[in-house]
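Enquirer: Sending over entry_25.cif (mmCIF, C-alpha atoms).
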data_my_file
#
loop_
_atom_site.label_atom_id
_atom_site.label_comp_id
_atom_site.auth_asym_id
_atom_site.auth_seq_id
_atom_site.Cartn_x
_atom_site.Cartn_y
_atom_site.Cartn_z
CA MET A 311 6.56 31.59 -51.96
CA ASP A 312 4.02 28.82 -52.33
CA PRO A 313 2.11 29.37 -55.62
CA HIS A 314 -0.86 27.50 -54.17
CA GLN A 315 -1.06 29.66 -51.10
CA PRO A 316 -4.27 31.76 -50.92
CA VAL A 317 -3.85 35.46 -51.64
CA THR A 318 -6.90 36.61 -49.69
CA LEU A 319 -7.39 36.68 -45.97
CA ARG A 320 -9.37 33.76 -44.60
CA ARG A 321 -11.88 33.89 -41.75
CA GLN A 322 -9.26 32.52 -39.36
CA ASP A 323 -6.85 35.26 -40.47
CA TYR A 324 -9.42 37.95 -39.73
CA THR A 325 -10.09 36.43 -36.31
CA THR A 326 -6.38 36.36 -35.49
CA LEU A 327 -5.93 39.91 -36.73
CA ALA A 328 -8.95 41.17 -34.77
CA LEU A 329 -7.93 39.55 -31.47
CA ALA A 330 -4.32 40.66 -31.84
CA ALA A 331 -5.37 44.22 -32.69
CA LEU A 332 -7.89 44.39 -29.83
CA GLY A 333 -5.40 43.26 -27.22
CA GLY A 334 -2.71 45.49 -28.67
CA ALA A 335 -5.03 48.49 -28.67
CA LEU A 336 -5.87 48.02 -24.99
CA GLU A 337 -2.22 47.49 -24.08
CA PHE A 338 -1.15 50.57 -26.04
CA TYR A 339 -3.93 52.52 -24.32
CA ASP A 340 -2.53 51.46 -20.95
CA PHE A 341 0.94 52.61 -21.96
CA ILE A 342 0.07 56.06 -23.32
CA ILE A 343 -2.86 57.20 -21.17
CA PHE A 344 -0.24 58.72 -18.86
CA VAL A 345 0.68 61.42 -21.37
CA PHE A 346 -2.90 62.67 -21.76
CA PHE A 347 -2.95 63.47 -18.05
CA ALA A 348 0.67 64.61 -17.82
CA THR A 349 -0.27 68.06 -16.57
CA VAL A 350 -2.44 66.92 -13.66
CA ILE A 351 -0.05 64.06 -12.78
CA GLY A 352 2.79 66.57 -12.66
CA GLN A 353 0.80 68.75 -10.28
CA LEU A 354 -0.11 65.84 -7.99
CA PHE A 355 3.13 63.87 -7.93
CA PHE A 356 5.73 66.63 -7.61
CA PRO A 357 6.27 69.46 -5.09
CA PRO A 358 3.85 72.37 -5.69
CA ASP A 359 6.63 74.98 -5.58
CA LEU A 360 8.47 73.63 -8.63
CA PRO A 361 8.60 75.89 -11.73
CA GLU A 362 6.06 74.82 -14.34
CA TRP A 363 8.65 73.95 -17.00
CA LEU A 364 10.62 71.79 -14.54
CA ARG A 365 7.49 69.98 -13.38
CA GLN A 366 6.56 69.26 -16.99
CA LEU A 367 10.09 68.09 -17.75
CA GLN A 368 10.14 65.69 -14.78
CA THR A 369 6.70 64.35 -15.69
CA PHE A 370 7.84 63.61 -19.23
CA ALA A 371 10.95 62.01 -17.74
CA ILE A 372 8.73 59.47 -15.95
CA PHE A 373 6.91 58.96 -19.24
CA ALA A 374 10.29 58.37 -20.92
CA ALA A 375 11.26 55.77 -18.31
CA GLY A 376 8.68 53.44 -19.81
CA TYR A 377 10.57 53.59 -23.09
CA LEU A 378 13.94 53.07 -21.45
CA ALA A 379 12.68 49.84 -19.84
CA ARG A 380 11.46 48.42 -23.15
CA PRO A 381 14.69 46.86 -24.49
CA LEU A 382 15.29 44.50 -21.57
CA GLY A 383 11.69 43.36 -21.23
CA GLY A 384 11.30 43.03 -24.98
CA LEU A 385 14.53 41.12 -25.40
CA VAL A 386 13.68 38.59 -22.69
CA MET A 387 10.22 37.92 -24.12
CA ALA A 388 11.54 37.82 -27.67
CA HIS A 389 14.21 35.27 -26.70
CA PHE A 390 11.56 32.87 -25.43
CA GLY A 391 9.28 33.79 -28.32
CA ASP A 392 11.92 32.50 -30.74
CA LYS A 393 12.69 29.48 -28.56
CA VAL A 394 9.38 28.23 -27.15
CA GLY A 395 6.67 29.95 -29.18
CA ARG A 396 5.11 33.25 -30.19
CA LYS A 397 1.76 32.68 -28.51
CA LYS A 398 3.03 32.19 -24.96
CA MET A 399 4.86 35.53 -24.90
CA PHE A 400 2.01 37.23 -26.76
CA SER A 401 -0.32 36.33 -23.90
CA LEU A 402 2.14 37.10 -21.11
CA SER A 403 2.86 40.66 -22.26
CA ILE A 404 -0.69 41.87 -21.79
CA LEU A 405 -0.85 40.55 -18.20
CA LEU A 406 2.38 42.37 -17.39
CA MET A 407 0.80 45.57 -18.70
CA ALA A 408 -2.60 45.35 -17.02
CA LEU A 409 -1.40 44.88 -13.43
CA PRO A 410 0.91 47.96 -13.20
CA THR A 411 -1.80 50.05 -14.86
CA LEU A 412 -4.26 49.14 -12.11
CA VAL A 413 -1.66 50.02 -9.48
CA MET A 414 -0.98 53.42 -11.10
CA GLY A 415 -4.64 54.30 -10.74
CA ALA A 416 -4.49 53.59 -7.01
CA LEU A 417 -1.22 55.35 -6.17
CA PRO A 418 -1.23 57.98 -3.40
CA THR A 419 0.03 61.44 -4.42
CA PHE A 420 2.92 63.63 -3.25
CA ALA A 421 0.70 65.32 -0.69
CA THR A 422 0.13 61.93 0.99
CA ILE A 423 3.48 60.10 0.85
CA GLY A 424 5.92 62.71 -0.43
CA VAL A 425 8.78 61.73 -2.73
CA ALA A 426 7.71 58.08 -2.66
CA ALA A 427 4.78 59.00 -4.95
CA PRO A 428 6.80 59.88 -8.08
CA LEU A 429 9.19 56.97 -7.36
CA LEU A 430 6.31 54.47 -7.31
CA MET A 431 4.87 56.01 -10.47
CA LEU A 432 8.31 55.64 -12.05
CA LEU A 433 8.48 51.96 -11.08
CA MET A 434 5.05 51.24 -12.58
CA ARG A 435 6.03 53.01 -15.79
CA MET A 436 9.12 50.84 -16.07
CA LEU A 437 7.05 47.68 -15.61
CA GLN A 438 4.69 48.91 -18.33
CA GLY A 439 7.66 49.53 -20.59
CA ALA A 440 8.98 46.00 -20.09
CA ALA A 441 5.56 44.61 -21.05
CA ILE A 442 5.01 46.63 -24.18
CA GLY A 443 8.58 45.87 -25.24
CA GLY A 444 7.38 42.36 -25.98
CA GLU A 445 3.84 43.23 -27.11
CA VAL A 446 4.42 45.30 -30.23
CA PRO A 447 7.16 43.19 -31.91
CA GLY A 448 5.28 40.07 -30.87
CA ALA A 449 2.04 41.30 -32.41
CA TRP A 450 3.70 42.09 -35.76
CA VAL A 451 5.46 38.74 -35.90
CA PHE A 452 2.37 36.84 -34.78
CA VAL A 453 0.10 38.34 -37.43
CA ALA A 454 2.66 38.38 -40.27
CA GLU A 455 3.34 34.68 -39.79
CA HIS A 456 -0.37 33.82 -39.92
CA VAL A 457 -1.59 35.57 -43.08
CA PRO A 458 -0.84 34.76 -46.75
CA GLN A 459 2.46 36.17 -48.03
CA GLN A 460 0.79 38.53 -50.51
CA ARG A 461 -1.27 40.16 -47.75
CA VAL A 462 1.41 40.70 -45.11
CA GLY A 463 1.64 44.42 -45.86
CA PHE A 464 -2.09 44.95 -45.37
CA ALA A 465 -2.10 42.80 -42.23
CA CYS A 466 0.84 44.69 -40.69
CA GLY A 467 -0.69 48.05 -41.57
CA THR A 468 -4.06 47.03 -40.17
CA LEU A 469 -2.49 45.71 -36.97
CA THR A 470 -0.53 48.94 -36.57
CA ALA A 471 -3.83 50.78 -36.98
CA GLY A 472 -5.24 48.55 -34.25
CA LEU A 473 -2.32 49.29 -31.96
CA THR A 474 -2.68 53.02 -32.52
CA ALA A 475 -6.41 52.66 -31.86
CA GLY A 476 -5.25 52.46 -28.26
CA ILE A 477 -4.13 56.07 -28.66
CA LEU A 478 -7.58 56.96 -30.00
CA LEU A 479 -9.19 55.19 -27.07
CA GLY A 480 -6.96 57.16 -24.71
CA SER A 481 -7.80 60.40 -26.47
CA LEU A 482 -11.55 59.68 -26.31
CA VAL A 483 -11.39 58.79 -22.62
CA ALA A 484 -9.34 61.90 -21.89
CA THR A 485 -11.76 64.03 -23.94
CA GLY A 486 -14.75 62.62 -22.07
CA ILE A 487 -13.19 63.18 -18.67
CA SER A 488 -12.11 66.73 -19.60
CA THR A 489 -15.60 67.47 -20.89
CA TRP A 490 -17.71 65.93 -18.12
CA LEU A 491 -15.58 66.64 -15.06
CA SER A 492 -14.38 69.93 -13.69
CA PRO A 493 -10.62 70.53 -13.27
CA ALA A 494 -11.06 70.13 -9.51
CA ASP A 495 -12.79 66.76 -9.95
CA ILE A 496 -10.13 65.57 -12.38
CA SER A 497 -7.43 66.47 -9.88
CA ALA A 498 -9.33 64.84 -7.03
CA TYR A 499 -10.21 61.51 -8.64
CA GLY A 500 -10.90 61.83 -12.38
CA TRP A 501 -7.34 61.15 -13.52
CA ARG A 502 -7.49 57.70 -11.88
CA ILE A 503 -10.46 56.50 -13.94
CA PRO A 504 -8.59 55.80 -17.22
CA PHE A 505 -5.96 53.74 -15.40
CA PHE A 506 -8.59 51.56 -13.71
CA LEU A 507 -10.41 51.11 -17.03
CA GLY A 508 -7.21 50.18 -18.82
CA GLY A 509 -6.18 47.60 -16.26
CA ILE A 510 -9.59 45.90 -16.22
CA PHE A 511 -9.94 45.77 -20.01
CA GLY A 512 -6.36 44.54 -20.30
CA LEU A 513 -7.22 41.51 -18.18
CA ILE A 514 -10.24 40.87 -20.40
CA ALA A 515 -8.06 41.05 -23.50
CA MET A 516 -5.63 38.55 -21.97
CA TYR A 517 -8.53 36.13 -21.52
CA LEU A 518 -9.59 36.58 -25.16
CA ARG A 519 -6.11 35.76 -26.43
CA ARG A 520 -6.44 32.21 -25.16
CA TRP A 521 -8.34 31.49 -28.39
CA LEU A 522 -5.34 32.31 -30.58
CA HIS A 523 -3.17 29.56 -32.09
CA GLU A 524 0.59 29.30 -32.52
CA THR A 525 1.83 30.65 -35.89
CA PRO A 526 2.23 28.19 -38.79
CA VAL A 527 5.78 29.48 -39.33
CA PHE A 528 6.87 28.60 -35.80
CA LYS A 529 5.20 25.16 -36.06
CA GLN A 530 7.12 24.51 -39.29
CA MET A 531 10.40 25.48 -37.64
CA GLN A 532 9.65 23.10 -34.77
CA GLN A 533 8.91 20.27 -37.21
CA ARG A 534 12.06 20.96 -39.24
CA LYS A 535 14.10 21.42 -36.05
CA SER A 536 15.26 24.77 -37.48
CA LEU A 537 14.81 26.85 -34.33
CA ALA A 538 17.80 29.01 -33.42
CA ASP A 539 20.51 26.73 -31.95
CA LYS A 540 22.47 29.67 -30.55
CA LEU A 541 21.26 32.66 -28.59
CA PRO A 542 19.04 34.61 -31.03
CA ILE A 543 20.59 37.91 -29.90
CA GLN A 544 24.05 36.56 -30.73
CA THR A 545 22.91 35.61 -34.22
CA ILE A 546 21.36 38.96 -35.10
CA LEU A 547 24.34 40.94 -33.78
CA SER A 548 26.81 38.87 -35.80
CA GLN A 549 24.88 38.24 -39.01
CA HIS A 550 22.18 40.90 -39.40
CA LYS A 551 23.76 44.27 -38.66
CA ARG A 552 22.30 45.93 -41.76
CA SER A 553 18.80 44.80 -40.84
CA ILE A 554 19.32 46.21 -37.35
CA VAL A 555 20.35 49.63 -38.70
CA VAL A 556 17.39 49.81 -41.12
CA SER A 557 14.95 48.73 -38.40
CA MET A 558 16.30 51.21 -35.86
CA LEU A 559 16.05 54.13 -38.29
CA LEU A 560 12.49 53.19 -39.18
CA THR A 561 11.60 52.82 -35.51
CA TRP A 562 12.90 56.34 -34.91
CA LEU A 563 10.53 57.49 -37.65
CA LEU A 564 7.61 55.54 -36.20
CA SER A 565 8.12 56.36 -32.54
CA ALA A 566 9.00 60.02 -32.73
CA CYS A 567 6.27 60.88 -35.25
CA ILE A 568 3.57 59.39 -33.06
CA VAL A 569 5.02 60.91 -29.89
CA VAL A 570 5.26 64.43 -31.36
CA VAL A 571 2.21 64.63 -33.65
CA ILE A 572 -0.25 62.52 -31.66
CA LEU A 573 0.85 62.32 -28.02
CA MET A 574 2.57 65.65 -27.36
CA ALA A 575 0.55 67.92 -29.64
CA PRO A 576 -2.51 68.32 -27.32
CA THR A 577 -0.29 69.48 -24.46
CA LEU A 578 1.67 71.77 -26.78
CA MET A 579 -1.54 73.30 -28.14
CA GLN A 580 -2.85 73.88 -24.63
CA LYS A 581 0.34 75.79 -23.81
CA GLN A 582 -0.52 78.14 -26.71
CA GLY A 583 -4.00 78.92 -25.45
CA ILE A 584 -6.16 76.23 -27.04
CA THR A 585 -8.55 74.68 -24.51
CA ALA A 586 -7.98 71.12 -23.33
CA ALA A 587 -11.36 69.96 -24.66
CA LEU A 588 -10.79 71.45 -28.13
CA SER A 589 -7.26 70.14 -28.47
CA LEU A 590 -8.31 66.64 -27.43
CA GLN A 591 -11.26 66.67 -29.84
CA ALA A 592 -8.92 67.58 -32.69
CA ASN A 593 -6.50 64.91 -31.46
CA SER A 594 -9.24 62.28 -31.67
CA LEU A 595 -9.92 63.24 -35.29
CA ALA A 596 -6.20 63.13 -36.11
CA THR A 597 -5.88 59.70 -34.53
CA ILE A 598 -8.82 58.35 -36.55
CA MET A 599 -7.07 59.62 -39.67
CA LEU A 600 -3.86 57.96 -38.46
CA LEU A 601 -5.68 54.62 -38.30
CA LEU A 602 -6.91 55.08 -41.86
CA GLY A 603 -3.43 56.14 -42.98
CA CYS A 604 -1.87 52.97 -41.51
CA ILE A 605 -4.32 50.75 -43.40
CA VAL A 606 -3.74 52.65 -46.67
CA ALA A 607 0.02 52.39 -46.16
CA GLY A 608 -0.25 48.62 -45.63
CA TRP A 609 -2.33 48.27 -48.79
CA ALA A 610 0.25 50.34 -50.70
CA VAL A 611 3.02 47.96 -49.56
CA ASP A 612 1.24 44.98 -51.12
CA ARG A 613 0.42 46.97 -54.26
CA PHE A 614 3.58 49.00 -54.93
CA GLY A 615 6.25 47.60 -52.63
CA ALA A 616 7.51 48.83 -49.28
CA PRO A 617 10.31 51.16 -50.52
CA ARG A 618 8.00 53.17 -52.78
CA ALA A 619 5.23 53.31 -50.18
CA LEU A 620 7.74 54.58 -47.63
CA LEU A 621 9.14 57.20 -50.01
CA VAL A 622 5.78 58.71 -50.96
CA GLY A 623 4.47 58.50 -47.40
CA SER A 624 7.52 60.23 -45.91
CA VAL A 625 7.28 63.16 -48.32
CA LEU A 626 3.55 63.52 -47.61
CA MET A 627 4.19 63.44 -43.87
CA GLY A 628 6.82 66.18 -44.06
CA ILE A 629 4.46 68.47 -45.97
CA CYS A 630 1.33 67.83 -43.89
CA THR A 631 2.93 68.06 -40.45
CA TRP A 632 4.80 71.24 -41.37
CA HIS A 633 1.49 72.78 -42.43
CA PHE A 634 -0.21 71.65 -39.21
CA PHE A 635 2.31 73.16 -36.82
CA HIS A 636 2.17 76.44 -38.74
CA GLN A 637 -1.62 76.68 -38.99
CA PHE A 638 -3.31 75.07 -35.98
CA HIS A 639 -3.53 78.32 -33.97
CA SER A 640 -5.07 80.40 -36.77
CA SER A 641 -8.65 79.14 -36.43
CA THR A 642 -10.69 76.18 -35.23
CA ALA A 643 -11.36 75.06 -38.81
CA ALA A 644 -7.64 75.21 -39.64
CA LEU A 645 -6.86 73.26 -36.49
CA PHE A 646 -9.16 70.36 -37.35
CA ALA A 647 -8.34 70.27 -41.08
CA SER A 648 -4.57 70.51 -40.72
CA TYR A 649 -4.45 68.07 -37.81
CA ALA A 650 -6.54 65.53 -39.74
CA LEU A 651 -4.14 65.69 -42.70
CA ALA A 652 -1.14 65.45 -40.40
CA GLY A 653 -2.61 62.41 -38.67
CA PHE A 654 -3.31 60.67 -41.99
CA SER A 655 0.21 61.35 -43.22
CA VAL A 656 1.76 59.87 -40.07
CA GLY A 657 0.04 56.65 -41.19
CA VAL A 658 3.22 56.02 -43.17
CA VAL A 659 4.30 54.18 -40.02
CA GLY A 660 2.11 51.33 -41.29
CA VAL A 661 4.92 50.50 -43.73
CA VAL A 662 7.49 50.03 -40.97
CA PRO A 663 6.44 46.64 -39.51
CA PHE A 664 6.38 44.98 -42.93
CA ILE A 665 9.98 45.97 -43.56
CA MET A 666 11.05 44.76 -40.12
CA VAL A 667 9.28 41.39 -40.15
CA SER A 668 10.65 40.60 -43.60
CA THR A 669 14.21 41.76 -43.05
CA PHE A 670 14.96 39.14 -40.35
CA PRO A 671 14.79 35.34 -40.91
CA ALA A 672 12.07 33.47 -39.06
CA ALA A 673 14.36 31.71 -36.57
CA VAL A 674 15.49 35.03 -35.03
CA ARG A 675 12.70 37.30 -36.24
CA PHE A 676 11.12 38.08 -32.88
CA THR A 677 14.49 38.83 -31.29
CA GLY A 678 15.72 40.88 -34.26
CA ILE A 679 12.66 43.09 -34.31
CA SER A 680 12.47 43.38 -30.54
CA PHE A 681 16.12 44.36 -30.16
CA SER A 682 16.08 46.94 -32.97
CA TYR A 683 12.64 48.33 -32.24
CA ASN A 684 12.93 48.61 -28.47
CA LEU A 685 16.48 49.93 -28.39
CA SER A 686 15.60 52.61 -30.93
CA TYR A 687 12.30 53.36 -29.19
CA ALA A 688 14.09 53.70 -25.85
CA ILE A 689 16.48 56.23 -27.33
CA PHE A 690 14.25 58.21 -29.65
CA GLY A 691 10.72 57.60 -28.34
CA GLY A 692 11.72 58.19 -24.75
CA LEU A 693 13.97 61.19 -25.26
CA THR A 694 11.88 62.93 -27.93
CA PRO A 695 9.45 64.60 -25.45
CA ILE A 696 12.36 65.88 -23.36
CA PHE A 697 14.31 67.06 -26.42
CA VAL A 698 11.32 68.83 -27.98
CA THR A 699 10.39 70.43 -24.64
CA LEU A 700 13.90 71.84 -24.29
CA LEU A 701 14.01 72.92 -27.94
CA LEU A 702 10.75 74.80 -27.46
CA GLN A 703 12.74 77.25 -25.35
CA VAL A 704 14.50 78.19 -28.61
CA THR A 705 11.68 78.09 -31.17
CA ALA A 706 7.93 77.49 -31.00
CA LEU A 707 8.24 75.49 -34.23
CA ALA A 708 10.54 72.87 -32.70
CA PRO A 709 8.00 70.03 -33.29
CA ALA A 710 7.67 70.94 -36.97
CA TRP A 711 11.44 70.90 -37.54
CA TYR A 712 11.82 67.63 -35.70
CA VAL A 713 9.19 65.82 -37.76
CA LEU A 714 10.71 67.26 -40.94
CA ILE A 715 13.99 65.56 -40.00
CA LEU A 716 12.08 62.30 -39.50
CA ALA A 717 10.53 62.62 -42.95
CA ALA A 718 14.03 63.01 -44.37
CA VAL A 719 15.06 59.79 -42.58
CA GLY A 720 12.18 57.95 -44.25
CA VAL A 721 13.19 59.30 -47.66
CA LEU A 722 16.81 58.25 -47.14
CA VAL A 723 15.89 54.71 -46.07
CA SER A 724 13.55 54.26 -49.02
CA ALA A 725 16.17 55.67 -51.38
CA TYR A 726 18.70 53.20 -50.00
CA LEU A 727 16.33 50.29 -50.60
CA LEU A 728 15.56 51.47 -54.12
CA ALA A 729 18.96 52.70 -55.30
CA SER A 730 20.85 49.67 -54.07
CA GLN A 731 18.20 47.44 -55.69
CA ARG A 732 17.72 45.76 -52.35
CA GLY A 733 14.00 46.38 -52.17
CA ARG A 734 13.54 42.65 -52.67
CA ALA A 735 16.91 41.31 -51.58
CA VAL A 736 16.65 42.93 -48.15
CA LEU A 737 12.95 42.25 -47.79
CA SER A 738 12.68 38.48 -47.80
CA GLU A 739 9.53 36.38 -47.57
CA VAL A 740 7.86 36.18 -44.19
CA ASN A 741 6.27 32.75 -44.53
CA ILE A 742 8.76 29.90 -44.83
#
How does the structure come out when it is put into structure tokens?
Expert:
Amino acid sequence: MDPHQPVTLRRQDYTTLALAALGGALEFYDFIIFVFFATVIGQLFFPPDLPEWLRQLQTFAIFAAGYLARPLGGLVMAHFGDKVGRKKMFSLSILLMALPTLVMGALPTFATIGVAAPLLMLLMRMLQGAAIGGEVPGAWVFVAEHVPQQRVGFACGTLTAGLTAGILLGSLVATGISTWLSPADISAYGWRIPFFLGGIFGLIAMYLRRWLHETPVFKQMQQRKSLADKLPIQTILSQHKRSIVVSMLLTWLLSACIVVVILMAPTLMQKQGITAALSLQANSLATIMLLLGCIVAGWAVDRFGAPRALLVGSVLMGICTWHFFHQFHSSTAALFASYALAGFSVGVVGVVPFIMVSTFPAAVRFTGISFSYNLSYAIFGGLTPIFVTLLLQVTALAPAWYVLILAAVGVLVSAYLLASQRGRAVLSEVNI
């Protein structure tokens, strides 16, 4: 660590963080808006005589396909990100997200072209998945390599808040459409609006990213000729297995918590009699609290260290989410209060990117994070909706039990980092 390096964020750092977060928020919005309209998409893109549970399962399967496509797209972009530069891939990913989103908004339904409709929707979801596979790891690496070492935790937490702001944007758009349009209008044309908006704003965000600069860390590696001489994926698989395991476990925590508590919860609440408008309003509040929780988690990393922040945050998440899934149907006040606390507690995911960006060396950092994050996200993020949907046939509290398991994973990882005294040995400096 350079003792003369500034410990506060400079104006250029704030600009970089803001542009990265804005683009990431719009790209994340494009990726998740699908789930907010899962019910109407299921009705329009599958045969009308299917049982409701099967239609919902197949709709979530298309949603999951986006996650399954992430590893390949992310790995390709990460390879070139480690070889030719972070910025180029950071700009490309948002273009690859915006175009399929526009197409999704224009797709004909099952009534028009039959089985081709869900197949085309599936293809667009896979293209979206390939794009976001490079976006999220690239955003964390890009920002972490720009800011001072002592502020990496806050920067990563704030960027994660910016990425999840895309969920808030999706929730607000879905709330507005559900409030202002009738169910018939939503089915006729309303569901297309958020896809068109996302595609257009994604292209605008791509234009704005042209003002970003390559990271100082990558420039230093170019000057020192210390870029990876072998395939980055070969290096991480042979030399960084422990970092891969830690990153994959933490990605499971990050992905599944957001999927269950933020993305699936509105649909689950609607199945238990809560109106779409009310559930989405509560979801918006929970997502705002998630943004705040991510920033607080990032601050806690810089103040107390990542292992301790992860430990306390995981315990808090287990308690708050358990309370939410037990109380949300009791009253409107309980719904909003318990969902807000649950959303804030899920902000522990703001700790995750710091651990991942600092557990891989700079020369293979993009590839290491992308491989671990996207592979784990494909498995756990993609299959979580299907697994929880099936488990709901057994118990209505399936989401609560699932998140409790995730909290236990966070506790175990933090305990490993603390007990083995590897809180600093594993977590190396980001800026070389």
Enquirer: Evaluate the PyMOL selection byres ((chain A and resi 651-659) around 10) against this structure - the residues, as number ranges by chain, please.
Expert: A: 467, 470-471, 474, 560-561, 563-565, 567-568, 571-572, 593-608, 610, 619-635, 646-650, 660-664, 713, 717, 720
Enquirer: Quote the spacing between atom CA of Phe338 of chain A and atom CA of Ser497 of chain A in Å to one decimal place.
Expert: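 Result for atom CA of Phe338 of chain A versus atom CA of Ser497 of chain A: 23.5 Å, one decimal.
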Enquirer: Just need the box for segment 477-492 of chain A, edges along x, y and z, holding every atom the file lists for it with 4 Å tacked onto each side, so centre and edge lengths in Å to one decimal, as lines of an AutoDock Vina configuration file.
Expert:
center_x = -10.9
center_y = 62.6
center_z = -21.8
size_x = 21.6
size_y = 22.7
size_z = 24.3
Enquirer: Enumerate, in order of chain and increasing residue number, the residues of segment 378-462 of chain A with an atom no farther than 8 Å from segment 349-372 of chain A, each with its shortest atom pair and distance in Å to one decimal, counting all atoms listed in the file, as JSON lines.
Expert:
{"residue": "A:Thr419", "atom": "CA", "partner": "A:Phe355", "partner_atom": "CA", "distance": 5.3}
{"residue": "A:Phe420", "atom": "CA", "partner": "A:Phe355", "partner_atom": "CA", "distance": 4.7}
{"residue": "A:Ala421", "atom": "CA", "partner": "A:Leu354", "partner_atom": "CA", "distance": 7.4}
{"residue": "A:Val425", "atom": "CA", "partner": "A:Phe356", "partner_atom": "CA", "distance": 7.6}
{"residue": "A:Ala427", "atom": "CA", "partner": "A:Phe355", "partner_atom": "CA", "distance": 5.9}
{"residue": "A:Pro428", "atom": "CA", "partner": "A:Phe355", "partner_atom": "CA", "distance": 5.4}
{"residue": "A:Met431", "atom": "CA", "partner": "A:Ile372", "partner_atom": "CA", "distance": 7.5}
{"residue": "A:Leu432", "atom": "CA", "partner": "A:Ile372", "partner_atom": "CA", "distance": 5.5}
{"residue": "A:Arg435", "atom": "CA", "partner": "A:Ile372", "partner_atom": "CA", "distance": 7.0}
Enquirer: So that I can check the surroundings of Leu522 of chain A, please list as an MDAnalysis selection string every protein, DNA and RNA residue that reaches within 12 Å of it, counting all atoms listed in the file and ignoring chain neighbours fewer than 6 positions away.
Expert: chainID A and resid 322:330 333 396:398 400:401 449 452:453 456 515:516
Enquirer: Name the residues that the PyMOL selection byres ((chain A and resi 541) around 12) pulls out of this structure, and write them as a PyMOL selection string.
Expert: chain A and resi 385-386+388-390+392-393+537-540+542-548+673-674+677-678
Enquirer: I want to know what sits within 7 Å of Ile477 of chain A, based on all atoms listed in the file, with residues of the same chain fewer than 2 positions away left out; could you give that as a PyMOL selection string?
Expert: chain A and resi 338-339+342+474-475+479-481
Enquirer: At what distance in Å, to one decimal, does atom CA of Gly415 of chain A lie from atom CA of Phe505 of chain A?
Expert: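 Taking atom CA of Phe505 of chain A as the start and atom CA of Gly415 of chain A as the end point, the length is 4.9 Å.
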Enquirer: Can you list what the PyMOL selection byres ((chain A and resi 345) around 8) grabs from this structure, as a PyMOL selection string?
Expert: chain A and resi 342-344+346-348+370+373+573-574
Enquirer: Rank nothing, just name the residue among A:Leu469, A:Ala498, A:Ala426, A:Ala586 nearest to Gly486 of chain A, using all atoms listed in the file.
Expert: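 For Gly486 of chain A, the nearest of the given residues is A:Ala586.
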Enquirer: Record the distance separating atom CA of Glu445 of chain A and atom CA of Pro526 of chain A, expressed in Å with one decimal.
Expert: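 Separation of atom CA of Glu445 of chain A and atom CA of Pro526 of chain A: 19.1 Å.
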Enquirer: Write out as a list of chain:residue names each polymer residue whose atoms come within 10 Å of Val413 of chain A, counting all atoms listed in the file; drop sequence neighbours fewer than 5 positions from it.
Expert: A:Ala408, A:Leu430, A:Met431, A:Met434, A:Arg502, A:Phe505, A:Phe506, A:Gly509
Enquirer: Measuring between all atoms listed in the file, which one of A:Phe670, A:Phe690, A:Phe638, A:Phe341 shows the shortest distance to Gly476 of chain A?
Expert: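 Among A:Phe670, A:Phe690, A:Phe638, A:Phe341, it is A:Phe341 that comes nearest to Gly476 of chain A.
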Enquirer: Could you list, as JSON, numbers by chain, every residue within 8 Å of Gly500 of chain A, counting only C-alpha atoms and ignoring same-chain residues fewer than 5 positions away?
Expert: {"A": [487, 491, 495]}
Enquirer: Could you please take those selected residues and save C-alpha atoms as an mmCIF file, keeping the file's coordinate frame?
Expert:
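Below is the file out02.cif, written as the result:
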data_model
loop_
_atom_site.group_PDB
_atom_site.id
_atom_site.type_symbol
_atom_site.label_atom_id
_atom_site.label_comp_id
_atom_site.auth_asym_id
_atom_site.auth_seq_id
_atom_site.Cartn_x
_atom_site.Cartn_y
_atom_site.Cartn_z
ATOM 1 C CA ILE A 487 -13.190 63.180 -18.670
ATOM 2 C CA LEU A 491 -15.580 66.640 -15.060
ATOM 3 C CA ASP A 495 -12.790 66.760 -9.950
#
Enquirer: Restricting the calculation to all atoms listed in the file: of A:Pro617, A:Pro493, A:Pro695, A:Gly443, which residue gets closest to Leu382 of chain A?
Expert: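 Once distances to Leu382 of chain A are computed over all atoms listed in the file, the minimum belongs to A:Gly443.
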Enquirer: When you count only C-alpha atoms, which of these residues is closest to Ala672 of chain A: A:Ala331, A:Val451, A:Ile423, A:Leu378?
Expert: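 Ranking A:Ala331, A:Val451, A:Ile423, A:Leu378 by distance to Ala672 of chain A, first place goes to A:Val451.
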